[in-house]
>>> print(open('target19.txt').read())   # compact mmCIF, C-alpha atoms
# COMPACT_ATOMS: atom_id res chain seq x y z
CA GLY A 60 2.51 77.52 81.00
CA MET A 61 5.25 80.14 81.09
CA SER A 62 2.79 83.06 80.86
CA SER A 63 0.59 84.20 83.73
CA PHE A 64 -3.17 83.68 83.72
CA PRO A 65 -5.10 85.78 84.32
CA PRO A 66 -2.75 88.48 82.91
CA LYS A 67 -1.15 90.98 85.25
CA VAL A 68 -2.59 94.49 85.20
CA VAL A 69 -0.30 97.31 86.35
CA ASN A 70 -1.52 100.92 86.35
CA GLY A 71 -4.44 99.91 84.17
CA GLN A 72 -2.20 98.28 81.50
CA ILE A 73 -1.97 94.58 80.77
CA GLN A 74 1.58 93.26 81.24
CA VAL A 75 2.56 90.72 78.55
CA SER A 76 5.43 88.31 79.14
CA TRP A 77 8.38 88.16 76.76
CA VAL A 78 7.28 84.67 75.69
CA GLU A 79 3.87 85.97 74.64
CA GLN A 80 5.53 88.87 72.81
CA VAL A 81 7.76 86.47 70.88
CA ASN A 82 4.77 84.28 70.01
CA VAL A 83 2.82 87.28 68.76
CA GLY A 84 5.82 88.37 66.66
CA ILE A 85 6.17 84.91 65.11
CA VAL A 86 2.48 84.74 64.25
CA ALA A 87 2.57 88.24 62.74
CA THR A 88 5.61 87.34 60.64
CA LEU A 89 4.00 84.18 59.29
CA ARG A 90 0.69 85.89 58.57
CA GLY A 91 0.79 87.72 55.24
CA ASN A 92 -0.58 87.89 51.71
CA LEU A 93 -0.24 84.17 51.09
CA THR A 94 -1.72 83.34 47.69
CA PRO A 95 -0.84 80.55 45.23
CA TRP A 96 0.60 83.06 42.76
CA TRP A 97 2.73 84.77 45.40
CA LEU A 98 4.04 81.41 46.62
CA PHE A 99 4.83 80.24 43.09
CA GLY A 100 6.49 83.52 42.09
CA ALA A 101 8.45 83.75 45.34
CA CYS A 102 9.75 80.18 45.08
CA LEU A 103 10.62 80.46 41.37
CA SER A 104 12.43 83.81 41.57
CA THR A 105 14.26 82.99 44.80
CA TYR A 106 15.35 79.57 43.54
CA PHE A 107 16.55 81.08 40.26
CA ALA A 108 18.56 83.81 41.98
CA ALA A 109 20.07 81.38 44.49
CA SER A 110 20.84 78.52 42.09
CA GLN A 111 21.72 80.33 38.85
CA GLY A 112 22.98 83.67 40.11
CA MET A 113 24.77 83.51 43.45
CA PRO A 114 27.14 80.63 42.50
CA ARG A 115 28.58 82.92 39.80
CA VAL A 116 29.54 85.69 42.24
CA PRO A 117 32.99 84.30 43.26
CA ILE A 118 33.94 83.15 39.73
CA ASP A 119 32.61 85.92 37.48
CA THR A 120 33.86 89.48 37.07
CA PRO A 121 33.53 91.82 40.07
CA ALA A 122 31.00 93.91 38.13
CA MET A 123 28.81 90.89 37.39
CA GLY A 124 29.18 89.64 40.96
CA PHE A 125 27.97 93.00 42.24
CA HIS A 126 25.05 92.94 39.77
CA ILE A 127 24.01 89.45 40.89
CA THR A 128 24.25 90.37 44.58
CA MET A 129 22.09 93.47 44.09
CA ALA A 130 19.59 91.46 42.03
CA PHE A 131 19.41 88.76 44.71
CA LEU A 132 18.71 91.36 47.40
CA PHE A 133 16.09 92.91 45.12
CA VAL A 134 14.33 89.55 44.78
CA LEU A 135 14.33 88.99 48.54
CA GLY A 136 12.98 92.49 49.15
CA CYS A 137 10.19 92.08 46.61
CA VAL A 138 9.24 88.69 48.04
CA TRP A 139 9.04 90.14 51.55
CA ASN A 140 7.18 93.33 50.63
CA THR A 141 4.54 91.65 48.49
CA TYR A 142 3.90 89.28 51.40
CA HIS A 143 3.91 91.84 54.22
CA THR A 144 2.06 95.09 53.55
CA PRO A 145 1.29 98.18 55.69
CA ASP A 146 -2.26 97.04 56.45
CA GLN A 147 -0.82 94.34 58.76
CA GLY A 148 0.03 96.73 61.60
CA PRO A 149 2.30 99.66 62.51
CA THR A 150 5.45 97.55 62.99
CA LEU A 151 5.17 95.79 59.65
CA ARG A 152 4.26 99.15 58.06
CA LYS A 153 7.60 100.59 59.19
CA ILE A 154 9.46 97.48 58.04
CA HIS A 155 7.62 97.59 54.70
CA ARG A 156 8.76 101.15 54.07
CA ALA A 157 12.37 100.50 55.08
CA VAL A 158 12.60 97.30 53.04
CA GLY A 159 10.84 99.05 50.14
CA TRP A 160 13.36 101.87 49.88
CA PHE A 161 16.28 99.46 50.23
CA THR A 162 14.78 97.20 47.55
CA MET A 163 14.22 100.10 45.16
CA ALA A 164 17.90 101.06 45.55
CA THR A 165 19.14 97.52 44.89
CA GLY A 166 16.78 97.24 41.92
CA PHE A 167 18.10 100.43 40.36
CA ILE A 168 21.71 99.36 40.91
CA SER A 169 21.07 95.92 39.43
CA ILE A 170 19.56 97.48 36.30
CA VAL A 171 22.47 99.90 35.80
CA THR A 172 25.11 97.20 36.34
CA GLY A 173 23.20 94.78 34.09
CA TYR A 174 23.07 97.35 31.30
CA GLU A 175 26.77 98.06 31.70
CA TYR A 176 27.58 94.35 31.51
CA ILE A 177 25.63 93.90 28.28
CA LEU A 178 26.65 97.16 26.58
CA ALA A 179 30.33 96.57 27.40
CA GLY A 180 30.18 93.35 25.40
CA ARG A 181 30.87 91.01 28.31
CA SER A 182 27.56 89.14 28.06
CA SER A 183 27.30 85.84 26.18
CA LEU A 184 23.61 86.38 25.41
CA GLY A 185 22.51 86.58 21.79
CA PHE A 186 21.59 89.99 20.40
CA SER A 187 17.81 89.47 20.44
CA THR A 188 17.86 87.98 23.95
CA ALA A 189 20.07 90.80 25.21
CA VAL A 190 17.66 93.39 23.80
CA LEU A 191 14.73 91.66 25.46
CA MET A 192 16.58 91.47 28.78
CA MET A 193 17.34 95.17 28.59
CA SER A 194 13.66 95.79 27.82
CA ILE A 195 12.73 93.86 30.94
CA GLY A 196 15.13 96.03 32.93
CA ALA A 197 13.55 99.17 31.49
CA GLY A 198 10.09 97.86 32.39
CA GLN A 199 11.22 97.11 35.93
CA LEU A 200 12.60 100.63 36.26
CA ILE A 201 9.30 102.14 35.05
CA PHE A 202 7.27 100.14 37.55
CA GLN A 203 9.71 101.07 40.31
CA ALA A 204 9.28 104.76 39.50
CA LEU A 205 5.49 104.42 39.38
CA GLY A 206 5.46 102.55 42.68
CA ILE A 207 7.51 105.25 44.38
CA TRP A 208 5.32 107.98 42.88
CA PHE A 209 2.09 106.36 44.04
CA SER A 210 3.50 105.62 47.49
CA THR A 211 4.15 109.35 47.87
CA GLY A 212 0.55 109.97 46.85
CA ILE A 213 -0.69 107.60 49.55
CA ARG A 214 0.95 109.72 52.23
CA CYS A 215 -0.07 113.07 50.73
CA VAL A 216 -3.52 112.41 49.27
CA ARG A 217 -4.50 109.36 51.34
CA GLY A 218 -6.61 108.11 48.47
CA VAL A 219 -7.64 104.51 47.97
CA MET A 220 -6.82 104.75 44.26
CA TRP A 221 -3.22 105.77 45.02
CA LYS A 222 -2.83 102.80 47.32
CA GLU A 223 -4.21 100.41 44.71
CA MET A 224 -2.00 101.89 42.00
CA HIS A 225 1.04 101.55 44.26
CA MET A 226 0.18 97.91 44.91
CA THR A 227 -0.37 97.25 41.20
CA SER A 228 2.90 98.94 40.23
CA MET A 229 4.92 97.01 42.81
CA THR A 230 3.24 93.72 41.89
CA CYS A 231 4.12 94.32 38.23
CA CYS A 232 7.66 95.26 39.32
CA PHE A 233 7.91 91.95 41.17
CA TYR A 234 6.67 90.07 38.13
CA MET A 235 8.82 91.97 35.64
CA GLY A 236 12.06 92.05 37.62
CA CYS A 237 11.88 88.73 39.49
CA VAL A 238 9.29 86.20 38.33
CA LEU A 239 9.69 86.86 34.61
CA ILE A 240 13.47 86.46 34.85
CA GLY A 241 12.95 83.13 36.60
CA PHE A 242 10.59 82.04 33.83
CA ASN A 243 13.09 83.19 31.23
CA TRP A 244 15.80 80.93 32.68
CA LEU A 245 13.43 78.04 33.27
CA PRO A 246 14.74 76.07 30.23
CA LYS A 247 18.28 76.28 31.61
CA MET A 248 17.19 75.28 35.11
CA ILE A 249 15.45 72.21 33.64
CA THR A 250 17.84 71.15 30.85
CA GLY A 251 21.09 72.83 31.88
CA ALA A 252 21.24 75.02 28.75
CA MET A 253 19.40 77.96 27.25
CA LEU A 254 17.20 77.37 24.23
CA PRO A 255 19.17 77.41 20.94
CA GLY A 256 19.21 80.34 18.55
CA ARG A 257 16.21 82.64 18.59
CA ALA A 258 14.14 80.14 20.54
CA GLN A 259 15.24 81.72 23.82
CA ALA A 260 14.26 85.20 22.63
CA ASN A 261 10.92 83.84 21.38
CA TRP A 262 10.33 82.22 24.76
CA THR A 263 11.01 85.52 26.52
CA PHE A 264 8.75 87.43 24.12
CA PHE A 265 6.01 84.86 24.72
CA LEU A 266 6.26 85.51 28.46
CA LEU A 267 6.17 89.28 27.91
CA HIS A 268 3.00 89.21 25.84
CA PRO A 269 0.32 91.16 27.77
CA ARG A 270 -2.44 88.69 26.86
CA HIS A 271 -0.51 85.69 28.10
CA GLY A 272 -1.90 83.84 31.10
CA LEU A 273 1.33 84.15 33.06
CA TYR A 274 1.23 87.93 32.77
CA GLN A 275 -2.37 87.98 33.93
CA SER A 276 -1.42 85.72 36.82
CA GLY A 277 1.40 88.05 37.78
CA SER A 278 -1.00 90.99 38.02
CA ARG A 279 -2.97 89.07 40.64
CA LEU A 280 -0.05 88.26 42.94
CA GLN A 281 -1.50 90.42 45.69
>>> encode(input="target19.txt", output="structure tokens")
Amino acid sequence: GMSSFPPKVVNGQIQVSWVEQVNVGIVATLRGNLTPWWLFGACLSTYFAASQGMPRVPIDTPAMGFHITMAFLFVLGCVWNTYHTPDQGPTLRKIHRAVGWFTMATGFISIVTGYEYILAGRSSLGFSTAVLMMSIGAGQLIFQALGIWFSTGIRCVRGVMWKEMHMTSMTCCFYMGCVLIGFNWLPKMITGAMLPGRAQANWTFFLLHPRHGLYQSGSRLQ
């Protein structure tokens, strides 16, 4: 093949060819927290953001376009960081932290711009649906804050509980801010229109219910 065998040893260190380094990098990138719930949530939220959100960017208001762009980046960051975690090596640990901070920033911006869009009266959502969407944004912000807080505890206290609480908070943030939104727009993605009247708000409330199976599934994404 293109790599030497047996491997070269120079000054007591094994020399690895660039081909082998690339292969190792590809394998490390593909290896992650692959679970059915992560795959389902990642596909649903990414498809929703790409098919229902991004096409609106060039035709909607600049404020809404900015909100959608930030939300799309937030989804991609959450998908990546729930798949690749610090326990997968020092390189992915550094990437996880960098992507995490960037994702938290885009998430905060998307919430603020989403609130502004609704409160300024530019949204076509019904009152009850708008309130529920703002509640989802508030929940996402809470889980973001908890995730940041517990990540600080991991570095300072080095406790297993802090790590688990960080993972739980970020998983809930992924479900609340990405997967749940995809579920909420599922009727429109299937039929081309939101549910009529209060049916859409009832559908969202059903998904938010803490005893619902989808919520329990979301808590097991990692």
>>> atom_distance(input="target19.txt", atom1="atom CA of A:Phe242", atom2="atom CA of A:Gly198")
15.9 Å
>>> closest_residue(input="target19.txt", among="A:Asn92, A:Gln199, A:Ser210, A:Ser182", to="A:Met226", atoms="only C-alpha atoms")
A:Ser210
>>> residues_around(input="target19.txt", residues="A:Leu98", least_positions_apart="5", cutoff="10 Å", atoms="all atoms listed in the file", output="PDB file with C-alpha atoms, in the frame of the given file")
ATOM      1  CA  ASN A  92      -0.580  87.890  51.710  1.00  0.00           C
ATOM      2  CA  LEU A  93      -0.240  84.170  51.090  1.00  0.00           C
ATOM      3  CA  LEU A 103      10.620  80.460  41.370  1.00  0.00           C
ATOM      4  CA  VAL A 138       9.240  88.690  48.040  1.00  0.00           C
ATOM      5  CA  TYR A 142       3.900  89.280  51.400  1.00  0.00           C
ATOM      6  CA  LEU A 280      -0.050  88.260  42.940  1.00  0.00           C
TER       7      LEU A 280
END
>>> closest_residue(input="target19.txt", among="A:Thr94, A:Gly185, A:Gly159, A:Arg152", to="A:Ile207", atoms="only C-alpha atoms")
A:Gly159
>>> closest_residue(input="target19.txt", among="A:Gly166, A:Gly241, A:Gly196, A:Gly180", to="A:Gly136", atoms="only C-alpha atoms")
A:Gly166
>>> axis_aligned_box(input="target19.txt", around="stretch 168-177 of chain A", padding_each_side="6 Å", output="AutoDock Vina command-line options")
--center_x 23.6 --center_y 96.9 --center_z 34.6 --size_x 20.0 --size_y 18.0 --size_z 24.6
>>> closest_residue(input="target19.txt", among="A:Met192, A:Met224, A:Phe131, A:Gly100", to="A:Val116", atoms="all atoms listed in the file")
A:Phe131
>>> residues_around(input="target19.txt", residues="A:Met248", least_positions_apart="4", cutoff="10 Å", atoms="all atoms listed in the file", output="mmCIF file with C-alpha atoms, in the coordinates of the input")
data_model
loop_
_atom_site.group_PDB
_atom_site.id
_atom_site.type_symbol
_atom_site.label_atom_id
_atom_site.label_comp_id
_atom_site.auth_asym_id
_atom_site.auth_seq_id
_atom_site.Cartn_x
_atom_site.Cartn_y
_atom_site.Cartn_z
ATOM 1 C CA TYR A 106 15.350 79.570 43.540
ATOM 2 C CA PHE A 107 16.550 81.080 40.260
ATOM 3 C CA SER A 110 20.840 78.520 42.090
ATOM 4 C CA GLN A 111 21.720 80.330 38.850
ATOM 5 C CA GLY A 241 12.950 83.130 36.600
ATOM 6 C CA PHE A 242 10.590 82.040 33.830
ATOM 7 C CA ASN A 243 13.090 83.190 31.230
ATOM 8 C CA TRP A 244 15.800 80.930 32.680
ATOM 9 C CA ALA A 252 21.240 75.020 28.750
ATOM 10 C CA MET A 253 19.400 77.960 27.250
#
>>> atom_distance(input="target19.txt", atom1="atom CA of A:Pro117", atom2="atom CA of A:Ile249")
23.4 Å
>>> atom_distance(input="target19.txt", atom1="atom CA of A:Ala130", atom2="atom CA of A:Cys237")
8.6 Å
>>> closest_residue(input="target19.txt", among="A:Met193, A:Val158, A:Ala122, A:Cys102", to="A:Tyr174", atoms="all atoms listed in the file")
A:Met193
>>> closest_residue(input="target19.txt", among="A:Phe186, A:Ala157, A:Leu178, A:Gln203", to="A:Tyr234", atoms="all atoms listed in the file")
A:Gln203
>>> residues_near_point(input="target19.txt", point="(17.1, 98.5, 46.4)", cutoff="10 Å", atoms="all atoms listed in the file", output="list of chain:residue names")
A:Met129, A:Ala130, A:Leu132, A:Phe133, A:Val134, A:Gly136, A:Cys137, A:Val158, A:Gly159, A:Trp160, A:Phe161, A:Thr162, A:Met163, A:Ala164, A:Thr165, A:Gly166, A:Phe167, A:Ile168, A:Ser169, A:Gln203
